[in-house]
Amino acid sequence: MSTIVANSLFEQLASTFQELESTNEPSSLKEIRKGAFAQFEQQGFPTVKNEDWKYTNIHSLVNKTYLLNEDVDVSDLDLSQADIPGLDAHRIVLINGQYVLAFSSLEDEVGVTVKPIEEAVSEQAFQKHFAQHADKTGSAVVALNTALHTSGLYLAVGKSKIVSKPIQIVHVATGNSDFFAQTRNLYVIEANAEVEIIESFITLENSAKNLQNKVTEIVLDENAKVQHYYLQLASEVGHYINHTEVYQAKYSLYNNYNCNFPGVSFVRNDINVRLDAENVESHLYGINLLADKQLVDNHTIVDHMKPHCESYEWYKNIPQDESTAVFNGKIFVREDAQKTNAFQQNNNMLIGDKSTVNTKPQLEIFADDVKCSHGCTMGQFDEEALFYLRARGIGEESARTLLVHAFAFDVTSRFSNEVVREYVENLVSKGLEKK
């Protein structure tokens, strides 16, 4: 289905919703779409008047029309931008959100179910979890995605299944006309299962400007373990609004490693983790190396709802040139969440006089028997350290790279996958190269 035209993006979206209502989807899904679109109509796109969007103005992105649900020729596409040297992994490819079986390889992994989201409506886990987590946040962009998504991925890992090697999900953006894609993903990791997911975002050459609204719901059943990487490698024509909602059962472990690099013009990441059972553990790590006029906004919520849980969050921002990094990390410790251990840290290194950081660490505690801390630092290159290295025969560019690597080490050293860690460190070096 390909939809163009209308006098505004809102009119386009309303027209697309009418088209979706005439499809053969189950009535239960249609009702979910209907309720979500009503919510979006009431709220509209967020503006800077919304506290959570005060540093991130998307008016220019949504004040235009796009091609919606573009049909793409998937023959002979070069996906080498997503290659990670030395990584042995299964691969799943989504092109503008559409799952393309021809580029994917997971056939030999018994106990793992992968299918397009639109074909998963009969799955029991889909019926139980779809739109039951992210949609409770009240987010207008989540509601829009719930109402109008036409593509995405359903991934389920069966009970006690330990996936033999990482699963790399490659999100490809491509198109000849400016387009708006809405992708909906649901990952369900059943009891005692373990999986490592690496998501790479790339743009093919000569692609038009694009806006991506992606929502991913991740459910971890009892004692499930997930290592989850986001590697944002898209080009300057890309604009991403990503919402990740994680729901964990007892004894589960979720680690998120969120990495953004020079290229993509705009990224907004909302990563929310709900610890709604005892003995749950979650770690959120972020490395954001920016350049030119990029804007990357990371909003995280870690919600401790039950006792005896632990969370650890560490984000580092390195904006260069005229780029802007935004960090808003919220930790909630509810009244029942005694014996909580929660840590949050945000460190920022600004390179250049025109780079910007807006940061707002938040900690709200309603319980009394807890260990919680949060903090933030802001600074530029340590000129004395730079002088020290140069005095010992190290060139200025190499010295700066060493200092940035040392700054990022607290985060990169915690990556569970050594191959991905080396890859990210190489991307950091590449992102610091003078143009």
# chains A, B, ... in the order shown; residues from 1 in each chain; ligands from 1
>>> select_by_dssp(residues="range 51-121 of chain A", states="strand (DSSP E)", output="ChimeraX atom specification")
/A:67-68,90-95,98-99,112-116
>>> write_last_selection(atoms="N, CA and C atoms", output="mmCIF file, in the first residue's frame")
data_model
loop_
_atom_site.group_PDB
_atom_site.id
_atom_site.type_symbol
_atom_site.label_atom_id
_atom_site.label_comp_id
_atom_site.auth_asym_id
_atom_site.auth_seq_id
_atom_site.Cartn_x
_atom_site.Cartn_y
_atom_site.Cartn_z
ATOM 1 N N LEU A 67 5.843 10.464 1.863
ATOM 2 C CA LEU A 67 5.312 9.238 1.287
ATOM 3 C C LEU A 67 5.160 8.252 2.440
ATOM 4 N N LEU A 68 3.992 7.669 2.580
ATOM 5 C CA LEU A 68 3.737 6.723 3.661
ATOM 6 C C LEU A 68 3.676 5.304 3.104
ATOM 7 N N HIS A 90 23.363 -14.592 13.721
ATOM 8 C CA HIS A 90 22.197 -14.678 12.849
ATOM 9 C C HIS A 90 21.867 -13.261 12.383
ATOM 10 N N ARG A 91 21.202 -13.152 11.233
ATOM 11 C CA ARG A 91 20.853 -11.812 10.743
ATOM 12 C C ARG A 91 19.379 -11.753 10.353
ATOM 13 N N ILE A 92 18.735 -10.685 10.777
ATOM 14 C CA ILE A 92 17.365 -10.364 10.386
ATOM 15 C C ILE A 92 17.392 -8.980 9.758
ATOM 16 N N VAL A 93 16.755 -8.820 8.618
ATOM 17 C CA VAL A 93 16.788 -7.543 7.906
ATOM 18 C C VAL A 93 15.380 -6.968 7.782
ATOM 19 N N LEU A 94 15.223 -5.722 8.187
ATOM 20 C CA LEU A 94 13.985 -4.972 8.011
ATOM 21 C C LEU A 94 14.277 -3.789 7.100
ATOM 22 N N ILE A 95 13.574 -3.696 5.985
ATOM 23 C CA ILE A 95 13.753 -2.583 5.059
ATOM 24 C C ILE A 95 12.554 -1.652 5.184
ATOM 25 N N GLN A 98 9.920 -3.414 6.941
ATOM 26 C CA GLN A 98 9.387 -4.661 6.388
ATOM 27 C C GLN A 98 10.404 -5.797 6.536
ATOM 28 N N TYR A 99 9.965 -6.893 7.150
ATOM 29 C CA TYR A 99 10.825 -8.059 7.320
ATOM 30 C C TYR A 99 11.055 -8.723 5.963
ATOM 31 N N VAL A 112 13.221 -20.553 18.328
ATOM 32 C CA VAL A 112 13.108 -19.112 18.092
ATOM 33 C C VAL A 112 12.076 -18.883 16.992
ATOM 34 N N THR A 113 11.104 -18.044 17.271
ATOM 35 C CA THR A 113 10.073 -17.715 16.291
ATOM 36 C C THR A 113 10.281 -16.297 15.789
ATOM 37 N N VAL A 114 10.357 -16.139 14.469
ATOM 38 C CA VAL A 114 10.528 -14.814 13.858
ATOM 39 C C VAL A 114 9.533 -14.687 12.724
ATOM 40 N N LYS A 115 8.768 -13.625 12.733
ATOM 41 C CA LYS A 115 7.814 -13.385 11.647
ATOM 42 C C LYS A 115 7.454 -11.909 11.592
ATOM 43 N N PRO A 116 6.917 -11.451 10.462
ATOM 44 C CA PRO A 116 6.441 -10.062 10.404
ATOM 45 C C PRO A 116 5.381 -9.822 11.463
#
>>> residues_around(residues="range 240-251 of chain A", least_positions_apart="2", cutoff="9 Å", atoms="only C-alpha atoms", output="CSV table (one decimal) with all heavy atoms, in the first residue's frame")
chain,number,residue,atom,x,y,z
A,133,HIS,N,2.2,-2.5,27.1
A,133,HIS,CA,3.3,-1.9,27.9
A,133,HIS,C,3.6,-0.5,27.5
A,133,HIS,O,3.5,0.4,28.2
A,133,HIS,CB,4.5,-2.9,27.9
A,133,HIS,CG,4.2,-4.3,28.2
A,133,HIS,ND1,3.9,-4.6,29.5
A,133,HIS,CD2,4.1,-5.4,27.5
A,133,HIS,CE1,3.6,-5.9,29.6
A,133,HIS,NE2,3.7,-6.4,28.4
A,134,ALA,N,4.1,-0.4,26.2
A,134,ALA,CA,4.4,1.0,25.8
A,134,ALA,C,3.3,1.9,25.8
A,134,ALA,O,3.4,3.1,26.0
A,134,ALA,CB,5.0,0.9,24.4
A,141,VAL,N,3.5,9.7,20.4
A,141,VAL,CA,4.1,9.0,19.2
A,141,VAL,C,4.0,7.5,19.3
A,141,VAL,O,3.9,6.9,18.3
A,141,VAL,CB,5.6,9.5,19.1
A,141,VAL,CG1,5.7,10.9,18.7
A,141,VAL,CG2,6.4,9.3,20.4
A,142,VAL,N,3.9,7.0,20.5
A,142,VAL,CA,3.6,5.6,20.7
A,142,VAL,C,2.2,5.3,20.2
A,142,VAL,O,1.9,4.3,19.5
A,142,VAL,CB,3.8,5.1,22.1
A,142,VAL,CG1,3.2,3.7,22.3
A,142,VAL,CG2,5.3,5.1,22.5
A,191,ALA,N,10.6,-17.9,29.9
A,191,ALA,CA,11.3,-18.2,31.2
A,191,ALA,C,12.6,-19.0,30.9
A,191,ALA,O,12.6,-19.9,30.1
A,191,ALA,CB,10.4,-19.1,32.1
A,210,ASN,N,14.1,10.9,5.6
A,210,ASN,CA,13.1,10.0,6.1
A,210,ASN,C,12.9,10.2,7.6
A,210,ASN,O,13.8,10.6,8.3
A,210,ASN,CB,13.4,8.5,5.8
A,210,ASN,CG,14.8,8.1,6.3
A,210,ASN,OD1,15.0,7.7,7.5
A,210,ASN,ND2,15.8,8.3,5.5
A,211,LEU,N,11.7,10.0,8.1
A,211,LEU,CA,11.3,10.0,9.5
A,211,LEU,C,10.9,8.6,9.9
A,211,LEU,O,10.0,8.0,9.3
A,211,LEU,CB,10.2,11.0,9.7
A,211,LEU,CG,9.6,11.2,11.1
A,211,LEU,CD1,10.7,11.6,12.1
A,211,LEU,CD2,8.4,12.2,11.1
A,212,GLN,N,11.5,8.1,10.9
A,212,GLN,CA,11.2,6.8,11.4
A,212,GLN,C,10.6,6.8,12.8
A,212,GLN,O,11.2,7.4,13.7
A,212,GLN,CB,12.5,5.9,11.5
A,212,GLN,CG,13.3,6.0,10.2
A,212,GLN,CD,12.9,4.9,9.2
A,212,GLN,OE1,12.2,4.0,9.5
A,212,GLN,NE2,13.3,5.1,7.9
A,213,ASN,N,9.4,6.3,13.0
A,213,ASN,CA,8.8,6.2,14.3
A,213,ASN,C,8.7,4.7,14.7
A,213,ASN,O,7.9,4.0,14.2
A,213,ASN,CB,7.4,6.8,14.3
A,213,ASN,CG,6.7,6.8,15.6
A,213,ASN,OD1,7.4,6.8,16.7
A,213,ASN,ND2,5.4,6.9,15.6
A,214,LYS,N,9.6,4.3,15.6
A,214,LYS,CA,9.8,2.9,15.9
A,214,LYS,C,9.4,2.7,17.4
A,214,LYS,O,9.8,3.4,18.3
A,214,LYS,CB,11.2,2.4,15.7
A,214,LYS,CG,11.7,2.5,14.2
A,214,LYS,CD,13.1,2.0,14.1
A,214,LYS,CE,13.6,2.1,12.7
A,214,LYS,NZ,12.9,1.1,11.8
A,215,VAL,N,8.6,1.6,17.6
A,215,VAL,CA,8.2,1.3,19.0
A,215,VAL,C,8.6,-0.2,19.2
A,215,VAL,O,8.2,-1.1,18.3
A,215,VAL,CB,6.7,1.5,19.3
A,215,VAL,CG1,6.3,1.0,20.6
A,215,VAL,CG2,6.4,3.0,19.2
A,216,THR,N,9.3,-0.5,20.2
A,216,THR,CA,9.6,-1.9,20.5
A,216,THR,C,9.2,-2.2,21.9
A,216,THR,O,9.7,-1.6,22.9
A,216,THR,CB,11.2,-2.1,20.4
A,216,THR,OG1,11.6,-1.8,19.0
A,216,THR,CG2,11.5,-3.6,20.6
A,217,GLU,N,8.4,-3.3,22.1
A,217,GLU,CA,8.1,-3.8,23.4
A,217,GLU,C,8.9,-5.1,23.7
A,217,GLU,O,8.9,-6.0,22.8
A,217,GLU,CB,6.6,-4.1,23.5
A,217,GLU,CG,5.7,-2.8,23.4
A,217,GLU,CD,4.2,-3.0,23.5
A,217,GLU,OE1,3.7,-3.7,22.5
A,217,GLU,OE2,3.6,-2.6,24.4
A,218,ILE,N,9.5,-5.2,24.8
A,218,ILE,CA,10.3,-6.3,25.2
A,218,ILE,C,9.9,-6.9,26.5
A,218,ILE,O,9.8,-6.2,27.5
A,218,ILE,CB,11.8,-5.9,25.3
A,218,ILE,CG1,12.3,-5.2,24.0
A,218,ILE,CG2,12.7,-7.1,25.6
A,218,ILE,CD1,13.7,-4.7,24.0
A,219,VAL,N,9.5,-8.2,26.5
A,219,VAL,CA,9.0,-8.8,27.7
A,219,VAL,C,10.0,-9.9,28.1
A,219,VAL,O,10.3,-10.8,27.3
A,219,VAL,CB,7.6,-9.4,27.4
A,219,VAL,CG1,7.1,-10.1,28.7
A,219,VAL,CG2,6.7,-8.3,27.0
A,220,LEU,N,10.4,-9.9,29.3
A,220,LEU,CA,11.3,-10.9,29.9
A,220,LEU,C,10.5,-11.7,30.9
A,220,LEU,O,10.1,-11.1,32.0
A,220,LEU,CB,12.6,-10.3,30.5
A,220,LEU,CG,13.7,-9.8,29.5
A,220,LEU,CD1,13.3,-8.4,29.0
A,220,LEU,CD2,15.0,-9.7,30.3
A,221,ASP,N,10.3,-13.0,30.7
A,221,ASP,CA,9.7,-13.8,31.7
A,221,ASP,C,10.7,-14.2,32.8
A,221,ASP,O,11.9,-13.8,32.7
A,221,ASP,CB,9.1,-15.0,31.0
A,221,ASP,CG,7.8,-14.7,30.3
A,221,ASP,OD1,7.2,-13.7,30.6
A,221,ASP,OD2,7.4,-15.5,29.4
A,222,GLU,N,10.3,-15.0,33.7
A,222,GLU,CA,11.1,-15.3,34.9
A,222,GLU,C,12.5,-15.9,34.5
A,222,GLU,O,12.6,-16.8,33.7
A,222,GLU,CB,10.4,-16.3,35.8
A,222,GLU,CG,11.1,-16.7,37.0
A,222,GLU,CD,10.3,-17.6,37.9
A,222,GLU,OE1,9.1,-17.7,37.7
A,222,GLU,OE2,10.9,-18.2,38.8
A,223,ASN,N,13.5,-15.3,35.1
A,223,ASN,CA,14.9,-15.7,34.9
A,223,ASN,C,15.4,-15.6,33.4
A,223,ASN,O,16.4,-16.2,33.1
A,223,ASN,CB,15.1,-17.2,35.4
A,223,ASN,CG,16.5,-17.5,35.7
A,223,ASN,OD1,17.2,-16.7,36.3
A,223,ASN,ND2,17.0,-18.7,35.3
A,224,ALA,N,14.7,-14.8,32.6
A,224,ALA,CA,15.2,-14.6,31.2
A,224,ALA,C,16.4,-13.6,31.3
A,224,ALA,O,16.4,-12.8,32.2
A,224,ALA,CB,14.1,-14.1,30.4
A,225,LYS,N,17.2,-13.7,30.3
A,225,LYS,CA,18.4,-12.8,30.2
A,225,LYS,C,18.5,-12.2,28.8
A,225,LYS,O,18.5,-13.0,27.8
A,225,LYS,CB,19.7,-13.5,30.6
A,225,LYS,CG,19.7,-13.9,32.1
A,225,LYS,CD,20.9,-14.7,32.5
A,225,LYS,CE,21.0,-15.0,34.0
A,225,LYS,NZ,19.9,-15.8,34.4
A,238,GLY,N,18.5,10.8,7.9
A,238,GLY,CA,17.7,10.0,8.8
A,238,GLY,C,17.3,10.8,10.0
A,238,GLY,O,18.0,11.6,10.5
A,253,LEU,N,17.2,-10.5,33.8
A,253,LEU,CA,18.3,-9.5,33.6
A,253,LEU,C,18.2,-8.9,32.2
A,253,LEU,O,18.1,-9.6,31.2
A,253,LEU,CB,19.6,-10.2,33.7
A,253,LEU,CG,20.9,-9.4,33.3
A,253,LEU,CD1,21.1,-8.2,34.2
A,253,LEU,CD2,22.1,-10.3,33.2
A,254,TYR,N,18.1,-7.6,32.2
A,254,TYR,CA,18.1,-6.9,30.9
A,254,TYR,C,19.2,-5.8,30.9
A,254,TYR,O,19.3,-5.0,31.8
A,254,TYR,CB,16.8,-6.1,30.7
A,254,TYR,CG,16.8,-5.3,29.4
A,254,TYR,CD1,16.6,-5.9,28.2
A,254,TYR,CD2,16.9,-3.9,29.5
A,254,TYR,CE1,16.6,-5.1,27.0
A,254,TYR,CE2,16.9,-3.1,28.3
A,254,TYR,CZ,16.7,-3.8,27.1
A,254,TYR,OH,16.7,-3.0,25.9
A,264,VAL,N,23.6,10.5,11.3
A,264,VAL,CA,22.1,10.7,11.5
A,264,VAL,C,21.8,12.1,12.0
A,264,VAL,O,22.5,12.6,13.0
A,264,VAL,CB,21.5,9.6,12.3
A,264,VAL,CG1,22.0,9.7,13.8
A,264,VAL,CG2,20.0,9.7,12.3
A,265,SER,N,20.9,12.8,11.4
A,265,SER,CA,20.6,14.2,11.8
A,265,SER,C,19.9,14.3,13.2
A,265,SER,O,20.2,15.2,14.0
A,265,SER,CB,19.7,14.9,10.8
A,265,SER,OG,20.4,15.1,9.6
A,266,PHE,N,18.9,13.4,13.4
A,266,PHE,CA,18.1,13.6,14.6
A,266,PHE,C,17.8,12.2,15.2
A,266,PHE,O,17.4,11.3,14.5
A,266,PHE,CB,16.8,14.3,14.3
A,266,PHE,CG,15.8,14.3,15.4
A,266,PHE,CD1,15.7,15.3,16.3
A,266,PHE,CD2,14.8,13.3,15.5
A,266,PHE,CE1,14.8,15.4,17.3
A,266,PHE,CE2,13.9,13.3,16.5
A,266,PHE,CZ,13.9,14.4,17.4
A,267,VAL,N,17.9,12.0,16.5
A,267,VAL,CA,17.5,10.8,17.2
A,267,VAL,C,16.9,11.2,18.5
A,267,VAL,O,17.4,12.0,19.3
A,267,VAL,CB,18.7,9.9,17.5
A,267,VAL,CG1,18.3,8.6,18.2
A,267,VAL,CG2,19.4,9.5,16.2
A,268,ARG,N,15.7,10.6,18.8
A,268,ARG,CA,15.1,10.7,20.1
A,268,ARG,C,14.9,9.2,20.5
A,268,ARG,O,14.1,8.5,19.9
A,268,ARG,CB,13.8,11.4,20.0
A,268,ARG,CG,12.9,11.3,21.2
A,268,ARG,CD,13.5,11.9,22.5
A,268,ARG,NE,12.5,11.6,23.6
A,268,ARG,CZ,12.0,12.6,24.3
A,268,ARG,NH1,12.2,13.9,24.0
A,268,ARG,NH2,11.1,12.3,25.3
A,269,ASN,N,15.6,8.8,21.6
A,269,ASN,CA,15.4,7.5,22.2
A,269,ASN,C,14.7,7.6,23.5
A,269,ASN,O,15.2,8.3,24.4
A,269,ASN,CB,16.8,6.8,22.4
A,269,ASN,CG,17.5,6.5,21.2
A,269,ASN,OD1,16.9,5.9,20.3
A,269,ASN,ND2,18.8,6.8,21.1
A,270,ASP,N,13.6,6.9,23.7
A,270,ASP,CA,12.9,6.7,25.0
A,270,ASP,C,13.1,5.3,25.3
A,270,ASP,O,12.6,4.4,24.6
A,270,ASP,CB,11.4,7.1,24.9
A,270,ASP,CG,11.2,8.6,24.9
A,270,ASP,OD1,11.2,9.2,23.7
A,270,ASP,OD2,11.0,9.2,25.9
A,271,ILE,N,13.8,5.0,26.4
A,271,ILE,CA,14.1,3.7,26.9
A,271,ILE,C,13.5,3.6,28.3
A,271,ILE,O,14.1,4.2,29.2
A,271,ILE,CB,15.6,3.3,26.8
A,271,ILE,CG1,16.1,3.5,25.4
A,271,ILE,CG2,15.8,1.9,27.3
A,271,ILE,CD1,17.6,3.2,25.3
A,272,ASN,N,12.5,2.8,28.5
A,272,ASN,CA,11.8,2.7,29.7
A,272,ASN,C,11.9,1.2,30.2
A,272,ASN,O,11.5,0.3,29.5
A,272,ASN,CB,10.3,3.1,29.6
A,272,ASN,CG,10.1,4.5,29.2
A,272,ASN,OD1,11.0,5.3,29.3
A,272,ASN,ND2,8.9,4.8,28.7
A,273,VAL,N,12.3,1.1,31.5
A,273,VAL,CA,12.4,-0.3,32.1
A,273,VAL,C,11.5,-0.3,33.3
A,273,VAL,O,11.6,0.5,34.2
A,273,VAL,CB,13.9,-0.6,32.4
A,273,VAL,CG1,14.0,-2.0,33.0
A,273,VAL,CG2,14.8,-0.5,31.2
A,274,ARG,N,10.6,-1.3,33.3
A,274,ARG,CA,9.7,-1.5,34.5
A,274,ARG,C,10.1,-2.8,35.2
A,274,ARG,O,10.1,-3.9,34.7
A,274,ARG,CB,8.3,-1.6,34.0
A,274,ARG,CG,7.8,-0.6,33.0
A,274,ARG,CD,7.6,0.8,33.6
A,274,ARG,NE,7.3,1.7,32.5
A,274,ARG,CZ,7.2,3.0,32.7
A,274,ARG,NH1,7.3,3.5,33.9
A,274,ARG,NH2,6.9,3.8,31.7
A,275,LEU,N,10.5,-2.6,36.5
A,275,LEU,CA,10.9,-3.7,37.3
A,275,LEU,C,9.7,-4.0,38.2
A,275,LEU,O,9.7,-3.5,39.4
A,275,LEU,CB,12.2,-3.3,38.2
A,275,LEU,CG,13.5,-3.2,37.4
A,275,LEU,CD1,13.5,-1.9,36.6
A,275,LEU,CD2,14.7,-3.2,38.3
A,276,ASP,N,8.8,-4.8,37.7
A,276,ASP,CA,7.6,-5.1,38.4
A,276,ASP,C,7.5,-6.4,39.0
A,276,ASP,O,6.5,-7.1,39.1
A,276,ASP,CB,6.4,-4.9,37.4
A,276,ASP,CG,5.0,-4.9,38.0
A,276,ASP,OD1,5.0,-4.5,39.3
A,276,ASP,OD2,4.0,-5.1,37.4
A,277,ALA,N,8.7,-6.9,39.5
A,277,ALA,CA,8.8,-8.1,40.3
A,277,ALA,C,10.0,-8.1,41.1
A,277,ALA,O,10.9,-7.2,40.9
A,277,ALA,CB,8.8,-9.3,39.3
A,278,GLU,N,10.1,-8.9,42.1
A,278,GLU,CA,11.3,-8.9,43.0
A,278,GLU,C,12.5,-9.6,42.3
A,278,GLU,O,12.4,-10.4,41.4
A,278,GLU,CB,11.0,-9.7,44.3
A,278,GLU,CG,9.9,-9.0,45.1
A,278,GLU,CD,9.8,-9.6,46.5
A,278,GLU,OE1,10.8,-10.2,47.0
A,278,GLU,OE2,8.7,-9.5,47.1
A,279,ASN,N,13.7,-9.2,42.8
A,279,ASN,CA,15.0,-9.7,42.3
A,279,ASN,C,15.1,-9.6,40.8
A,279,ASN,O,15.5,-10.5,40.1
A,279,ASN,CB,15.1,-11.2,42.7
A,279,ASN,CG,15.1,-11.4,44.2
A,279,ASN,OD1,16.0,-11.0,44.9
A,279,ASN,ND2,14.0,-11.9,44.7
A,280,VAL,N,14.9,-8.4,40.3
A,280,VAL,CA,15.1,-8.0,38.9
A,280,VAL,C,16.3,-7.1,38.8
A,280,VAL,O,16.6,-6.3,39.6
A,280,VAL,CB,13.8,-7.3,38.3
A,280,VAL,CG1,14.1,-6.8,36.9
A,280,VAL,CG2,12.7,-8.3,38.3
A,281,GLU,N,17.1,-7.3,37.7
A,281,GLU,CA,18.3,-6.5,37.5
A,281,GLU,C,18.3,-5.9,36.1
A,281,GLU,O,17.9,-6.5,35.1
A,281,GLU,CB,19.5,-7.3,37.7
A,281,GLU,CG,20.8,-6.5,37.7
A,281,GLU,CD,22.0,-7.4,38.0
A,281,GLU,OE1,21.8,-8.6,38.5
A,281,GLU,OE2,23.2,-7.0,37.8
A,282,SER,N,18.6,-4.6,36.0
A,282,SER,CA,18.6,-3.9,34.7
A,282,SER,C,19.8,-2.9,34.6
A,282,SER,O,20.1,-2.2,35.6
A,282,SER,CB,17.4,-3.1,34.5
A,282,SER,OG,16.2,-3.9,34.5
A,309,CYS,N,15.5,-5.2,44.0
A,309,CYS,CA,15.9,-5.0,42.6
A,309,CYS,C,17.1,-4.1,42.5
A,309,CYS,O,17.3,-3.3,43.4
A,309,CYS,CB,14.7,-4.5,41.8
A,309,CYS,SG,13.3,-5.6,41.6
>>> closest_residue(among="A:Asp76, A:Glu51, A:Glu70, A:Glu41", to="Asp178 in chain A", atoms="only C-alpha atoms")
A:Glu70
>>> residues_around(residues="Ala208 in chain A", least_positions_apart="5", cutoff="8 Å", atoms="only C-alpha atoms", output="number ranges by chain")
A: 174-179, 237
>>> write_last_selection(atoms="all heavy atoms", output="mmCIF file, in the first residue's frame")
data_model
loop_
_atom_site.group_PDB
_atom_site.id
_atom_site.type_symbol
_atom_site.label_atom_id
_atom_site.label_comp_id
_atom_site.auth_asym_id
_atom_site.auth_seq_id
_atom_site.Cartn_x
_atom_site.Cartn_y
_atom_site.Cartn_z
ATOM 1 N N THR A 174 15.602 3.267 3.114
ATOM 2 C CA THR A 174 15.890 3.545 1.711
ATOM 3 C C THR A 174 14.620 4.001 1.005
ATOM 4 O O THR A 174 13.517 3.555 1.331
ATOM 5 C CB THR A 174 16.464 2.302 0.993
ATOM 6 O OG1 THR A 174 16.786 2.635 -0.354
ATOM 7 C CG2 THR A 174 15.481 1.145 1.006
ATOM 8 N N GLY A 175 14.764 4.902 0.055
ATOM 9 C CA GLY A 175 13.619 5.405 -0.694
ATOM 10 C C GLY A 175 14.015 6.598 -1.538
ATOM 11 O O GLY A 175 14.963 7.319 -1.206
ATOM 12 N N ASN A 176 13.287 6.802 -2.637
ATOM 13 C CA ASN A 176 13.616 7.892 -3.555
ATOM 14 C C ASN A 176 12.902 9.197 -3.230
ATOM 15 O O ASN A 176 13.293 10.257 -3.707
ATOM 16 C CB ASN A 176 13.274 7.479 -4.994
ATOM 17 C CG ASN A 176 14.094 6.283 -5.451
ATOM 18 O OD1 ASN A 176 15.288 6.194 -5.149
ATOM 19 N ND2 ASN A 176 13.465 5.360 -6.158
ATOM 20 N N SER A 177 11.830 9.120 -2.445
ATOM 21 C CA SER A 177 11.078 10.309 -2.045
ATOM 22 C C SER A 177 11.032 10.369 -0.528
ATOM 23 O O SER A 177 11.109 9.336 0.144
ATOM 24 C CB SER A 177 9.649 10.261 -2.608
ATOM 25 O OG SER A 177 9.654 10.158 -4.017
ATOM 26 N N ASP A 178 10.910 11.569 0.026
ATOM 27 C CA ASP A 178 10.833 11.711 1.477
ATOM 28 C C ASP A 178 9.734 10.796 2.019
ATOM 29 O O ASP A 178 8.599 10.834 1.534
ATOM 30 C CB ASP A 178 10.527 13.155 1.860
ATOM 31 C CG ASP A 178 11.678 14.103 1.527
ATOM 32 O OD1 ASP A 178 12.694 13.629 0.985
ATOM 33 O OD2 ASP A 178 11.549 15.310 1.802
ATOM 34 N N PHE A 179 10.059 9.983 3.016
ATOM 35 C CA PHE A 179 9.084 9.011 3.493
ATOM 36 C C PHE A 179 9.048 8.942 5.015
ATOM 37 O O PHE A 179 10.007 9.311 5.702
ATOM 38 C CB PHE A 179 9.337 7.628 2.894
ATOM 39 C CG PHE A 179 10.652 6.991 3.290
ATOM 40 C CD1 PHE A 179 10.725 6.107 4.363
ATOM 41 C CD2 PHE A 179 11.808 7.248 2.564
ATOM 42 C CE1 PHE A 179 11.923 5.509 4.713
ATOM 43 C CE2 PHE A 179 13.016 6.654 2.912
ATOM 44 C CZ PHE A 179 13.075 5.783 3.991
ATOM 45 N N VAL A 237 20.324 12.028 6.337
ATOM 46 C CA VAL A 237 18.936 12.148 5.884
ATOM 47 C C VAL A 237 17.972 11.454 6.846
ATOM 48 O O VAL A 237 16.753 11.553 6.694
ATOM 49 C CB VAL A 237 18.748 11.568 4.464
ATOM 50 C CG1 VAL A 237 19.601 12.332 3.461
ATOM 51 C CG2 VAL A 237 19.049 10.067 4.421
#
